[in-house]
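Student: Following this message is one structure expressed as structure tokens.
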Amino acid sequence: MNCYLYDGTADGLLSAIAWILEEEPDPEKVKLSERKDTLFEEGFTISTDATQAESLFFRLKQQAPDAAHTLYSFMLAEKEGLETSLLHYVFLAFKHGDKVNGYITHSAVRDIVHIAKKTGRELHRMKGLLRFEKLQDGAYLAKMEPDYNIIHPLAFHFSRRLRAQHWFLYDVKRRTAARWNNGSLQFGGIEQFTTPALSEDEKKVQALWLAFFKTIAIPDRKNPRLQKSNMPMKYWKYLVEKQEE
Amino acid sequence: MLTKLQILSGAARYDASCASSGSKREGPSTGTGNTSSSGICHSWSDDGRCISLLKILLSNDCIYDCAYCVNRSTNPVERASFTAREVVDLTLEFYRRNYIEGLFLSSAVMKSPDHTMECMVRVAETLRTEEQFGGYIHMKIIPGCNSELVRKAGLYADRISVNIELPSQASLQRLAPQKLKSAILEPMALIGREISSSLVERKASRKAPRFAPAGQSTQMIIGASPETDFQILSLSQGLYKKMNLKRVYYSAYVPVTDDSRLPVLSAPPLLREHRLYQADWLLRFYGFTADEILSDDAPHLDETFDPKTAWALRHPEFFPVEVNRADYATLLRVPGIGVLSAKRIVSARRFSLITPDGLKKIGVVIKRAKYFITCSGKSFEKPDQQPALIRQRLLLSERTDASVSTISHQLVLPGLYT
Ligand code: SF4
């Protein structure tokens with residue numbers, strides 16, 4: 001069995017897959033992993049080529065748009081150790097087209113689809129659970145600590161939704177931020193973050209929301225267990241309605 | 001403002017419908033908001049229900065006197081009304097902070113149906129035209145208002161609904177004497193017609209106005225009047241077929257007032273509500289008809305078994321179903337196989353025969369399905385089991401986790417994500 005290595009970046013991973021699909025007669029018999037430069041590491045390192053990576057993704061998008069979406073969602077998880085599964089998945093996606101996601105009896109497909117679903121679920125959740133606060137200068141800021149690196153697709157979602165506002169998303173753990181202003185979206189890192197002052201009416205609006213949140217629940221049907229399973233506690237930190245708990 | 005909001009959102013609390021899906025709208029380029037076809041929950045309230053819309057009444061100051069309602073004119077509760085501007089501002093402030101998908105506006109009847117509906121339409125109109133709001137709007141139609149207002153509401157809202165309130169005319173007359181059946185059914189029919197003609201016009205030209213793109217729904221109260229489940233389901237089936245309704249919501253009657261016309265219930269009939277939702281799913285997604293599920297001789301849904309399992313137990317001749325051959329419609333009839341797993345089975349079969357292990361991975365609930373299927377000719381259980389025996393076995397296996405599942409089932413509204 002042939003073993004290959006790549007440099008650990010997303011581009012490296014995709015260009016390695018592109019190379020293997022091109023050169024190997026039977027990609028399902030090939031292993032791919034990250035190069036760690038340990039003593040007993042075996043395998044041939046494939047060099048990283050961003051255009052190769054991009055062209056692979058582009059071709060997949062044309063032939064199997066659903067599978068390309070799965071690949072994209074999977075990459076957001078920044079998951080290590082599943083490179084071989086991803087290779088096999090992409091191979092099968094080119095072979096079967098979008099039907100590949102139905103092939104869940106295949107372990108590689110199952111692994112990739114499973115992770116992709118998880119990031120997809122968190123992205124969908126954050127679309128609802130993200131909370132903006134109005135700042136003194138009229139801009140809006142939302143802080144978050146998602147498990148996966150979803151700031152890109154999330155910012156894209158809000159760029160179509162809150163177009164008339166000037167806003168920021170800030171991923172506290174990864175120290176990355178997105179900014180939307182006057183119709184343009186930018187991404188960048190933030191070295192030092194100081195929380196800016198809130199606008200004067202912000203606390204009033206938050207109090208109204210909290211009041212609404214409390215009254216809308218049916219008193220006799222309290223169900224904290226169900227609430228937590230739908231809205232896990234790890235997301236509470238930035239929820240206006242969950243601050244007192 | 002704070003107390004007003006508390007009164008008027010508290011009054012809207014029992015409304016079942018929270019769905020914000022089914023409409024896809026790219027917002028105006030200069031404005032705020034769009035809607036997404038899959039629907040987004042923004043929070044979950046203390047009772048575990050999804051919050052996606054700012055659900056409020058414009059007013060609870062009612063001139064009518066419906067027996068089952070807290071806001072009836074003869075009931076001494078605190079009264080409040082919003083101005084149109086207040087609702088508009090509240091909606092926008094919440095939307096900009098990503099608290100909500102949009103607005104769900106209903107109201108008690110203040111002064112007259114026309115006056116109330118006019119105020120509600122003004123809210124929607126201001127949001128859409130002045131504020132360029134592209135988020136979701138669901139509006140209730142006040143029975144008895146002018147049909148011009150109904151048309152206007154449909155042009156601004158994503159979804160509109162007229163509550164059918166009670167499952168029969170006799171009950172309506174007894175408990176809500178000021179509401180006429182015709183005042184409820186006429187706007188429903190009008191909305192149904194407008195929706196389909198707007199769809200036709202939009203096929204011809206993308207510029208034609210959209211009329212309630214997320215469709216119309218309705219709601220009825222369960223357990224405040226004597227109708228059987230069979231009557232209720234037949235009514236729903238008619239509404240889906242004849243009025244083009246998207247959803248019928250069932251709301252277990254919560255005793256809020258003392259009235260000799262109302263039944264005395266120890267608790268709201270939540271299990272019944274839950275079973276009706278399940279049966280409603282069978283109507284909409286599983287190809288069942290009302291008279292397959294129930295009949296005049298057995299007019300009530302089974303309490304112990306969900307309606308699909310109950311049907312399967314009454315029809316041993318239909319089973320076992322061979323999972324590697326049966327078509328989609330047949331797979332759907334198997335207890336333990338849902339829409340998703342039926343679809344997965346059909347697509348997984350393209351690659352290889354499905355094994356019992358594969359079925360598990362696909363998400364089939366084996367402990368329920370095993371009595372009703374074969375897998376490449378092999379059965380999971382002895383093939384000649386009597387229905388009575390299966391009943392018992394199913395009961396036993398359900399028991400073990402019944403305490404956990406029933407509680408959550410009763411509160412989750414199925415279809416939140418459809
Ligand atoms: S019209 Fe509506 S708000 Fe008024 S009493 Fe009847 S149900 Fe209640």
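So you can find residues: chains in the structure tokens are A, B, ... in the order shown, residues in each start at 1, and ligands are numbered from 1 in order.
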Would you mind listing what lies within 6 Å of region 239-250 of chain B as an MDAnalysis selection string, with only C-alpha atoms counted and same-chain residues fewer than 5 positions away left out?
Tutor: chainID B and resid 189 192 215:220
Student: Write out the residues from the selection above, keeping C-alpha atoms, as a PDB file, in the first residue's frame.
Tutor:
```
ATOM      1  CA  ALA B 189     -61.054  30.217   0.109  1.00  0.00           C
ATOM      2  CA  GLY B 192     -56.357  29.802  -1.551  1.00  0.00           C
ATOM      3  CA  GLY B 215     -48.809  29.606   2.066  1.00  0.00           C
ATOM      4  CA  GLN B 216     -51.693  29.600   4.487  1.00  0.00           C
ATOM      5  CA  SER B 217     -52.189  27.684   7.674  1.00  0.00           C
ATOM      6  CA  THR B 218     -54.856  27.400  10.314  1.00  0.00           C
ATOM      7  CA  GLN B 219     -55.259  26.317  13.878  1.00  0.00           C
ATOM      8  CA  MET B 220     -57.966  24.556  15.870  1.00  0.00           C
TER       9      MET B 220
END
```
Student: So that I can check the secondary structure, give me every residue of region 259-405 of chain B assigned strand (DSSP E or B) by backbone DSSP, as a list in words.
Tutor: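 These are the residues in question: Val321, Glu322, Ile373, Thr374, Cys375, Lys378 and Ser379 of chain B.
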Student: Kindly provide, as a ChimeraX atom specification, the residues of chain A having any atom no farther than 9 Å from an atom of chain B, counting only C-alpha atoms.
Tutor: /A:99,101-105,124-134,140-142,158,160-165,205-209,211-231,239,241
Student: Near Asp297 (chain B), counting only C-alpha atoms, which residues have an atom at most 12 Å away, once you skip same-chain residues fewer than 4 positions from it, shown as a list in words?
Tutor: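 The residues that qualify are Thr228, Asp229, Phe230, Asp291, Ile293 and Leu301 of chain B.
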Student: Please produce an output containing N, CA, C and O atoms for each residue in the selection, written as a PDB file, in the first residue's frame.
Tutor:
```pdb
ATOM      1  N   THR B 228     -64.867  13.982  17.363  1.00  0.00           N
ATOM      2  CA  THR B 228     -63.951  12.848  17.446  1.00  0.00           C
ATOM      3  C   THR B 228     -62.696  13.142  16.619  1.00  0.00           C
ATOM      4  O   THR B 228     -62.690  14.026  15.768  1.00  0.00           O
ATOM      5  N   ASP B 229     -61.650  12.340  16.863  1.00  0.00           N
ATOM      6  CA  ASP B 229     -60.425  12.481  16.080  1.00  0.00           C
ATOM      7  C   ASP B 229     -60.700  12.245  14.595  1.00  0.00           C
ATOM      8  O   ASP B 229     -60.100  12.868  13.736  1.00  0.00           O
ATOM      9  N   PHE B 230     -61.627  11.321  14.314  1.00  0.00           N
ATOM     10  CA  PHE B 230     -61.954  11.019  12.924  1.00  0.00           C
ATOM     11  C   PHE B 230     -62.544  12.256  12.236  1.00  0.00           C
ATOM     12  O   PHE B 230     -62.152  12.616  11.131  1.00  0.00           O
ATOM     13  N   ASP B 291     -59.627   8.009   6.280  1.00  0.00           N
ATOM     14  CA  ASP B 291     -60.400   6.805   6.615  1.00  0.00           C
ATOM     15  C   ASP B 291     -59.559   5.535   6.610  1.00  0.00           C
ATOM     16  O   ASP B 291     -60.053   4.465   6.929  1.00  0.00           O
ATOM     17  N   ILE B 293     -56.815   5.723   8.526  1.00  0.00           N
ATOM     18  CA  ILE B 293     -56.317   5.858   9.893  1.00  0.00           C
ATOM     19  C   ILE B 293     -57.425   5.598  10.915  1.00  0.00           C
ATOM     20  O   ILE B 293     -57.218   4.953  11.930  1.00  0.00           O
ATOM     21  N   LEU B 301     -57.966   8.088  18.007  1.00  0.00           N
ATOM     22  CA  LEU B 301     -56.608   7.591  17.839  1.00  0.00           C
ATOM     23  C   LEU B 301     -56.187   6.796  19.072  1.00  0.00           C
ATOM     24  O   LEU B 301     -56.545   7.130  20.198  1.00  0.00           O
TER      25      LEU B 301
END
```
Student: Using DSSP secondary structure from the backbone, list all alpha helix (DSSP H) positions within region 136-334 of chain B, as an MDAnalysis selection string.
Tutor: chainID B and resid 147:156 169:175 181:204 229:242 270:285 290:293 307:314 328:331
Student: Which residues are near ligand 1 in this structure, taking near to mean any atom at most 8 Å from a ligand atom and counting only C-alpha atoms and all ligand atoms? Format them as a VMD selection string.
Tutor: chain B and resid 60 to 73 107 to 109 165 176 179
Student: Would you put the residues from that selection into a file with C-alpha atoms, as an mmCIF file, in the first residue's frame?
Tutor:
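Okay, selection-v4.cif is ready:
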```
data_model
loop_
_atom_site.group_PDB
_atom_site.id
_atom_site.type_symbol
_atom_site.label_atom_id
_atom_site.label_comp_id
_atom_site.auth_asym_id
_atom_site.auth_seq_id
_atom_site.Cartn_x
_atom_site.Cartn_y
_atom_site.Cartn_z
ATOM 1 C CA ASN B 60 -55.874 41.994 23.679
ATOM 2 C CA ASP B 61 -58.762 44.405 24.079
ATOM 3 C CA CYS B 62 -61.517 42.238 22.668
ATOM 4 C CA ILE B 63 -65.158 43.035 21.927
ATOM 5 C CA TYR B 64 -65.968 39.337 21.397
ATOM 6 C CA ASP B 65 -66.689 36.814 24.071
ATOM 7 C CA CYS B 66 -65.389 33.412 23.019
ATOM 8 C CA ALA B 67 -65.825 30.970 25.886
ATOM 9 C CA TYR B 68 -62.374 29.341 25.624
ATOM 10 C CA CYS B 69 -60.309 32.540 25.496
ATOM 11 C CA VAL B 70 -58.582 34.560 28.232
ATOM 12 C CA ASN B 71 -59.110 37.758 26.318
ATOM 13 C CA ARG B 72 -62.887 37.438 26.086
ATOM 14 C CA SER B 73 -64.602 40.710 26.840
ATOM 15 C CA SER B 107 -54.807 40.431 17.540
ATOM 16 C CA ALA B 108 -57.989 40.423 19.529
ATOM 17 C CA VAL B 109 -60.883 42.236 17.918
ATOM 18 C CA GLU B 165 -60.898 27.684 15.975
ATOM 19 C CA ALA B 176 -67.759 31.551 19.874
ATOM 20 C CA LYS B 179 -67.710 34.197 14.837
#
```
Student: Would you kindly return, as a VMD selection string, each protein, DNA or RNA residue with an atom no farther than 9 Å from any atom of region 384-393 of chain B, considering only C-alpha atoms and excluding same-chain residues fewer than 5 positions away?
Tutor: chain B and resid 313 to 316 371 398
Student: Which residues come within 12 Å of Gly120 (chain A), counting only C-alpha atoms, excluding same-chain residues fewer than 5 positions away, as number ranges by chain?
Tutor: A: 69-77, 113-115, 125-127, 146-150, 153-154
Student: Just to be explicit: take each residue in the selection above, keep N, CA and C atoms, and write the result as an mmCIF file, in the first residue's frame.
Tutor:
```cif
data_model
loop_
_atom_site.group_PDB
_atom_site.id
_atom_site.type_symbol
_atom_site.label_atom_id
_atom_site.label_comp_id
_atom_site.auth_asym_id
_atom_site.auth_seq_id
_atom_site.Cartn_x
_atom_site.Cartn_y
_atom_site.Cartn_z
ATOM 1 N N HIS A 69 -20.208 20.420 -1.559
ATOM 2 C CA HIS A 69 -20.697 21.077 -0.355
ATOM 3 C C HIS A 69 -20.306 20.281 0.890
ATOM 4 N N THR A 70 -20.408 18.956 0.788
ATOM 5 C CA THR A 70 -19.999 18.100 1.898
ATOM 6 C C THR A 70 -18.508 18.277 2.185
ATOM 7 N N LEU A 71 -17.712 18.308 1.117
ATOM 8 C CA LEU A 71 -16.277 18.496 1.277
ATOM 9 C C LEU A 71 -15.982 19.823 1.985
ATOM 10 N N TYR A 72 -16.662 20.876 1.531
ATOM 11 C CA TYR A 72 -16.472 22.195 2.130
ATOM 12 C C TYR A 72 -16.835 22.171 3.623
ATOM 13 N N SER A 73 -17.982 21.599 3.936
ATOM 14 C CA SER A 73 -18.407 21.538 5.344
ATOM 15 C C SER A 73 -17.424 20.729 6.176
ATOM 16 N N PHE A 74 -16.924 19.636 5.590
ATOM 17 C CA PHE A 74 -15.964 18.802 6.305
ATOM 18 C C PHE A 74 -14.702 19.587 6.638
ATOM 19 N N MET A 75 -14.229 20.389 5.686
ATOM 20 C CA MET A 75 -12.995 21.146 5.894
ATOM 21 C C MET A 75 -13.142 22.168 7.024
ATOM 22 N N LEU A 76 -14.360 22.666 7.233
ATOM 23 C CA LEU A 76 -14.570 23.651 8.302
ATOM 24 C C LEU A 76 -14.251 23.062 9.674
ATOM 25 N N ALA A 77 -14.331 21.745 9.775
ATOM 26 C CA ALA A 77 -14.102 21.108 11.069
ATOM 27 C C ALA A 77 -12.612 21.071 11.416
ATOM 28 N N VAL A 113 -19.320 12.308 5.740
ATOM 29 C CA VAL A 113 -20.668 12.874 5.814
ATOM 30 C C VAL A 113 -21.030 13.210 7.269
ATOM 31 N N HIS A 114 -20.599 12.340 8.168
ATOM 32 C CA HIS A 114 -20.894 12.550 9.584
ATOM 33 C C HIS A 114 -20.308 13.875 10.091
ATOM 34 N N ILE A 115 -19.027 14.091 9.813
ATOM 35 C CA ILE A 115 -18.384 15.339 10.253
ATOM 36 C C ILE A 115 -18.994 16.544 9.540
ATOM 37 N N ARG A 125 -27.165 26.344 13.460
ATOM 38 C CA ARG A 125 -27.486 26.805 14.809
ATOM 39 C C ARG A 125 -27.025 28.234 15.038
ATOM 40 N N MET A 126 -25.777 28.501 14.631
ATOM 41 C CA MET A 126 -25.226 29.834 14.871
ATOM 42 C C MET A 126 -25.958 30.909 14.092
ATOM 43 N N LYS A 127 -26.525 30.542 12.939
ATOM 44 C CA LYS A 127 -27.313 31.517 12.199
ATOM 45 C C LYS A 127 -28.439 32.042 13.071
ATOM 46 N N PRO A 146 -17.544 29.204 18.402
ATOM 47 C CA PRO A 146 -18.039 27.944 17.835
ATOM 48 C C PRO A 146 -16.987 26.848 17.891
ATOM 49 N N ASP A 147 -17.443 25.594 17.854
ATOM 50 C CA ASP A 147 -16.505 24.470 17.822
ATOM 51 C C ASP A 147 -15.729 24.449 16.517
ATOM 52 N N TYR A 148 -16.394 24.806 15.427
ATOM 53 C CA TYR A 148 -15.768 24.691 14.113
ATOM 54 C C TYR A 148 -15.511 26.073 13.531
ATOM 55 N N ASN A 149 -14.670 26.099 12.528
ATOM 56 C CA ASN A 149 -14.261 27.375 11.955
ATOM 57 C C ASN A 149 -15.260 27.859 10.905
ATOM 58 N N ILE A 150 -16.397 28.368 11.386
ATOM 59 C CA ILE A 150 -17.501 28.642 10.467
ATOM 60 C C ILE A 150 -17.678 30.117 10.142
ATOM 61 N N PRO A 153 -18.695 31.094 6.127
ATOM 62 C CA PRO A 153 -20.079 30.948 5.656
ATOM 63 C C PRO A 153 -21.084 31.732 6.515
ATOM 64 N N LEU A 154 -20.760 31.888 7.797
ATOM 65 C CA LEU A 154 -21.674 32.618 8.669
ATOM 66 C C LEU A 154 -21.741 34.095 8.264
#
```
Student: For Arg179 (chain A), list every protein, DNA or RNA residue within 10 Å, evaluated using only C-alpha atoms, and leave out those in the same chain fewer than 5 positions away; present the list as a compact mmCIF listing (two decimals) with N, CA and C atoms, in the first residue's frame.
Tutor:
```txt
# COMPACT_ATOMS: atom_id res chain seq x y z
N TYR A 140 -22.62 47.18 14.80
CA TYR A 140 -23.08 46.04 15.60
C TYR A 140 -21.96 45.01 15.71
N LEU A 141 -21.85 44.41 16.89
CA LEU A 141 -20.80 43.42 17.11
C LEU A 141 -21.39 42.12 17.65
N ALA A 155 -20.57 34.67 8.03
CA ALA A 155 -20.54 36.08 7.62
C ALA A 155 -21.25 36.25 6.28
N SER A 159 -24.27 38.74 5.45
CA SER A 159 -24.09 39.79 4.43
C SER A 159 -25.31 39.88 3.53
N HIS A 166 -23.71 48.23 9.61
CA HIS A 166 -22.27 48.03 9.67
C HIS A 166 -22.04 47.05 10.82
N TRP A 167 -21.47 45.87 10.54
CA TRP A 167 -21.33 44.90 11.62
C TRP A 167 -20.02 44.12 11.61
N PHE A 168 -19.72 43.53 12.76
CA PHE A 168 -18.54 42.68 12.93
C PHE A 168 -18.94 41.33 13.51
N LEU A 169 -18.27 40.28 13.06
CA LEU A 169 -18.34 38.99 13.76
C LEU A 169 -16.96 38.77 14.36
N TYR A 170 -16.92 38.25 15.56
CA TYR A 170 -15.61 37.98 16.16
C TYR A 170 -15.58 36.59 16.77
N SER A 184 -19.36 45.66 1.47
CA SER A 184 -18.20 44.80 1.27
C SER A 184 -17.85 44.02 2.53
N LEU A 185 -17.42 42.79 2.29
CA LEU A 185 -17.14 41.87 3.38
C LEU A 185 -15.64 41.62 3.44
N GLN A 186 -15.07 41.76 4.68
CA GLN A 186 -13.64 41.53 4.84
C GLN A 186 -13.38 40.57 5.99
N PHE A 187 -12.30 39.81 5.86
CA PHE A 187 -11.92 38.92 6.95
C PHE A 187 -10.52 39.26 7.42
N GLY A 188 -10.24 39.00 8.70
CA GLY A 188 -8.90 39.27 9.18
C GLY A 188 -8.71 38.72 10.59
```
Student: Interatomic distance between CA of Ser182 (chain B) and CA of Ile164 (chain B)?
Tutor: 10.5 Å
Student: If we count only C-alpha atoms and set the cut-off at 12 Å, which residues sit around Leu282 (chain B), ignoring sequence neighbours fewer than 3 positions away in its own chain? Please answer as number ranges by chain.
Tutor: B: 233, 236-237, 275-279, 285-294, 306-309, 311, 329, 332-335, 338-339, 414
Student: Generate a file of the selected residues that holds C-alpha atoms, formatted as a JSON list (two decimals), in the first residue's frame.
Tutor:
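Final file, part-v3.json:
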```json
[["chain", "number", "residue", "atom", "x", "y", "z"],
["B", 233, "LEU", "CA", -58.73, 14.44, 10.66],
["B", 236, "SER", "CA", -57.90, 18.57, 8.02],
["B", 237, "GLN", "CA", -57.79, 16.35, 4.98],
["B", 275, "ARG", "CA", -51.27, 11.84, 18.21],
["B", 276, "LEU", "CA", -53.18, 14.23, 15.96],
["B", 277, "TYR", "CA", -49.93, 15.77, 14.77],
["B", 278, "GLN", "CA", -48.60, 12.29, 14.01],
["B", 279, "ALA", "CA", -51.74, 11.40, 12.10],
["B", 285, "PHE", "CA", -46.13, 12.93, 3.86],
["B", 286, "TYR", "CA", -46.95, 9.23, 4.06],
["B", 287, "GLY", "CA", -49.79, 8.91, 1.59],
["B", 288, "PHE", "CA", -52.44, 7.89, 4.13],
["B", 289, "THR", "CA", -56.06, 9.02, 3.99],
["B", 290, "ALA", "CA", -58.21, 9.88, 7.00],
["B", 291, "ASP", "CA", -60.40, 6.80, 6.61],
["B", 292, "GLU", "CA", -57.40, 4.49, 6.53],
["B", 293, "ILE", "CA", -56.32, 5.86, 9.89],
["B", 294, "LEU", "CA", -59.73, 5.97, 11.57],
["B", 306, "ASP", "CA", -48.71, 5.95, 17.26],
["B", 307, "PRO", "CA", -51.18, 5.95, 14.35],
["B", 308, "LYS", "CA", -48.80, 4.27, 11.93],
["B", 309, "THR", "CA", -48.03, 1.35, 14.22],
["B", 311, "TRP", "CA", -52.48, 0.86, 11.26],
["B", 329, "ALA", "CA", -44.49, 4.28, -0.78],
["B", 332, "LEU", "CA", -43.12, 4.42, 4.27],
["B", 333, "ARG", "CA", -45.85, 2.27, 5.75],
["B", 334, "VAL", "CA", -43.44, 0.31, 7.93],
["B", 335, "PRO", "CA", -43.35, 1.41, 11.58],
["B", 338, "GLY", "CA", -39.53, 7.41, 8.39],
["B", 339, "VAL", "CA", -39.36, 9.63, 5.34],
["B", 414, "PRO", "CA", -43.22, 18.02, 14.55]]
```
Student: Record the distance separating CA of Pro143 (chain B) and CA of Ala124 (chain B), expressed in Å with one decimal.
Tutor: 18.1 Å
Student: For CA of Lys173 (chain A) and CA of Lys143 (chain A), determine how far apart the two atoms are, in Å to one decimal place.
Tutor: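 The value is 10.0 Å.
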